[in-house]
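Structure data (compact mmCIF, C-alpha atoms) from input-v9.txt:
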```
# COMPACT_ATOMS: atom_id res chain seq x y z
CA MET A 1 112.90 45.15 -1.48
CA ARG A 2 112.86 48.39 -3.38
CA TYR A 3 115.84 49.21 -5.55
CA GLU A 4 117.28 52.69 -6.06
CA ILE A 5 118.98 54.46 -8.95
CA GLY A 6 122.63 53.41 -8.92
CA ASP A 7 121.96 49.87 -7.65
CA MET A 8 123.80 47.12 -9.50
CA ILE A 9 121.54 44.13 -10.04
CA ARG A 10 121.82 40.76 -11.70
CA ILE A 11 118.98 39.63 -13.96
CA LYS A 12 117.80 36.11 -13.18
CA ASP A 13 118.90 33.52 -15.70
CA ASP A 14 115.73 31.42 -15.52
CA LEU A 15 113.09 33.93 -16.63
CA ILE A 16 110.47 32.46 -18.97
CA THR A 17 109.64 34.23 -22.22
CA ASN A 18 106.10 35.64 -22.55
CA THR A 19 105.54 35.40 -18.80
CA GLY A 20 104.36 38.28 -16.62
CA TYR A 21 106.31 38.95 -13.42
CA GLY A 22 105.35 40.75 -10.23
CA THR A 23 102.09 42.37 -9.32
CA GLU A 24 102.71 44.66 -12.28
CA ARG A 25 102.51 41.66 -14.64
CA CYS A 26 105.53 43.01 -16.45
CA TYR A 27 106.14 40.66 -19.35
CA PHE A 28 109.52 39.16 -20.11
CA VAL A 29 109.64 39.06 -23.91
CA GLU A 30 111.92 37.30 -26.38
CA GLU A 31 113.96 40.46 -27.07
CA MET A 32 114.99 40.52 -23.39
CA GLU A 33 116.51 37.01 -23.45
CA GLU A 34 119.99 38.30 -24.33
CA TYR A 35 120.15 39.92 -20.86
CA LEU A 36 119.52 36.73 -18.85
CA GLY A 37 122.10 36.37 -16.08
CA ARG A 38 123.74 39.73 -16.84
CA GLN A 39 124.59 42.50 -14.43
CA ALA A 40 123.15 45.96 -14.93
CA CYS A 41 122.83 49.30 -13.23
CA ILE A 42 119.45 50.85 -12.51
CA ILE A 43 119.49 54.24 -14.22
CA ASP A 44 115.88 55.32 -13.76
CA ILE A 45 112.65 54.29 -12.05
CA ASP A 46 109.17 54.70 -13.49
CA GLU A 47 106.26 54.71 -11.06
CA VAL A 48 102.77 54.44 -12.48
CA GLU A 49 99.76 54.00 -10.16
CA ASN A 50 101.78 52.26 -7.41
CA ARG A 51 103.61 50.11 -9.93
CA VAL A 52 107.40 50.32 -9.97
CA TYR A 53 109.38 49.67 -13.14
CA TYR A 54 113.16 49.81 -13.42
CA LEU A 55 115.15 51.02 -16.42
CA LEU A 56 118.61 49.55 -16.92
CA ASP A 57 121.82 50.71 -18.54
CA ILE A 58 122.35 47.56 -20.64
CA ASP A 59 119.31 47.81 -22.93
CA ASP A 60 119.25 51.51 -23.86
CA ARG A 61 116.15 51.92 -21.66
CA ASN A 62 114.13 49.84 -24.12
CA PHE A 63 112.47 47.60 -21.53
CA HIS A 64 110.73 47.88 -18.21
CA TRP A 65 111.94 45.48 -15.53
CA VAL A 66 110.45 44.59 -12.13
CA LYS A 67 112.19 43.44 -8.96
CA GLU A 68 110.98 39.85 -9.42
CA MET A 69 113.23 39.64 -12.48
CA PHE A 70 116.37 40.33 -10.42
CA GLU A 71 118.49 38.13 -8.19
CA GLU A 72 118.13 39.14 -4.54
CA GLU A 73 121.69 40.42 -4.13
CA SER A 74 122.38 44.01 -5.23
CA VAL A 75 125.04 46.66 -4.68
CA ASN A 76 124.67 50.43 -4.83
CA LEU A 77 127.54 51.86 -6.87
CA GLU A 78 127.69 55.07 -4.85
CA MET A 79 127.76 53.33 -1.47
CA ALA A 80 129.68 50.11 -2.20
CA THR A 81 133.18 49.47 -1.00
CA GLU A 82 135.64 48.16 -3.55
CA ASN A 83 135.49 44.68 -1.98
CA GLU A 84 131.69 44.58 -2.09
CA LEU A 85 131.66 45.62 -5.71
CA MET A 86 134.34 43.13 -6.70
CA GLY A 87 132.45 40.35 -4.92
CA PHE A 88 129.25 41.22 -6.75
CA LEU A 89 130.95 41.38 -10.14
CA SER A 90 132.66 38.01 -9.80
```
Exercise: express the given structure as structure tokens:
Amino acid sequence: MRYEIGDMIRIKDDLITNTGYGTERCYFVEEMEEYLGRQACIIDIDEVENRVYYLLDIDDRNFHWVKEMFEEESVNLEMATENELMGFLS
């Protein structure tokens, strides 16, 4: 699944520090631990040589994230109904 700008995602809560995720081998580092299990909005997407990295609103764009770090369920803020959004946020 490819995510889009505006998608609300939830970061997995079982990511392992100093482990690379996805084909990009994007490393989950200690400074990212505070975001485990949190919801965030994708605010930008970096694509480098067929690698896709997501930038999130909760970390001041300090980290690159890959789809394997997210729970499978997501909601696009622009397209979501109020009920879908409330269900995702609960």
Exercise. Have a look at A:Val29, A:Leu55, A:Leu15, A:Val66 and name the one nearest to Ile42 (chain A); count all atoms listed in the file.
Key: A:Leu55
Quiz item: By how many Å are CA of Asp7 (chain A) and CA of Ile58 (chain A) apart?
Solution: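 About the pair CA of Asp7 (chain A) and CA of Ile58 (chain A): they are 13.2 Å apart.
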Quiz item: Smallest atom-to-atom distance to Glu30 (chain A): which of A:Val52, A:Phe63, A:Met1, A:Phe70, using only C-alpha atoms?
Solution: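 Checking each of A:Val52, A:Phe63, A:Met1, A:Phe70 against Glu30 (chain A), counting only C-alpha atoms, the winner is A:Phe63.
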Quiz item: Taking into account only C-alpha atoms, which residue in the set A:Glu71, A:Glu4, A:Lys12, A:His64 is nearest to Tyr35 (chain A)?
Solution: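 Of all the options, A:Lys12 lies closest to Tyr35 (chain A).
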Practice problem: Check the smallest atom-to-atom distance from each of A:Met69, A:Ile5, A:Leu56, A:Ile16 to Ala40 (chain A) using all atoms listed in the file, then report the winner. | Solution: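 Of A:Met69, A:Ile5, A:Leu56, A:Ile16, the one nearest Ala40 (chain A) is A:Leu56, counting all atoms listed in the file.
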Exercise. Take CA of Asp13 (chain A) and CA of Asn50 (chain A) and report the distance between them in Å, one decimal.
Key: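 It comes out at 26.7 Å.
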Exercise. Have a look at CA of Gly6 (chain A) and CA of Glu72 (chain A) and let me know their distance in Å, one decimal.
Key: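 Between these atoms lies a distance of 15.6 Å.
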Quiz item: Got a sec: who's within 7 Å of region 23-26 of chain A, counting only C-alpha atoms, leaving out chain neighbours fewer than 2 positions off, as a PyMOL selection string?
Solution: chain A and resi 20-21+28+51+65-66
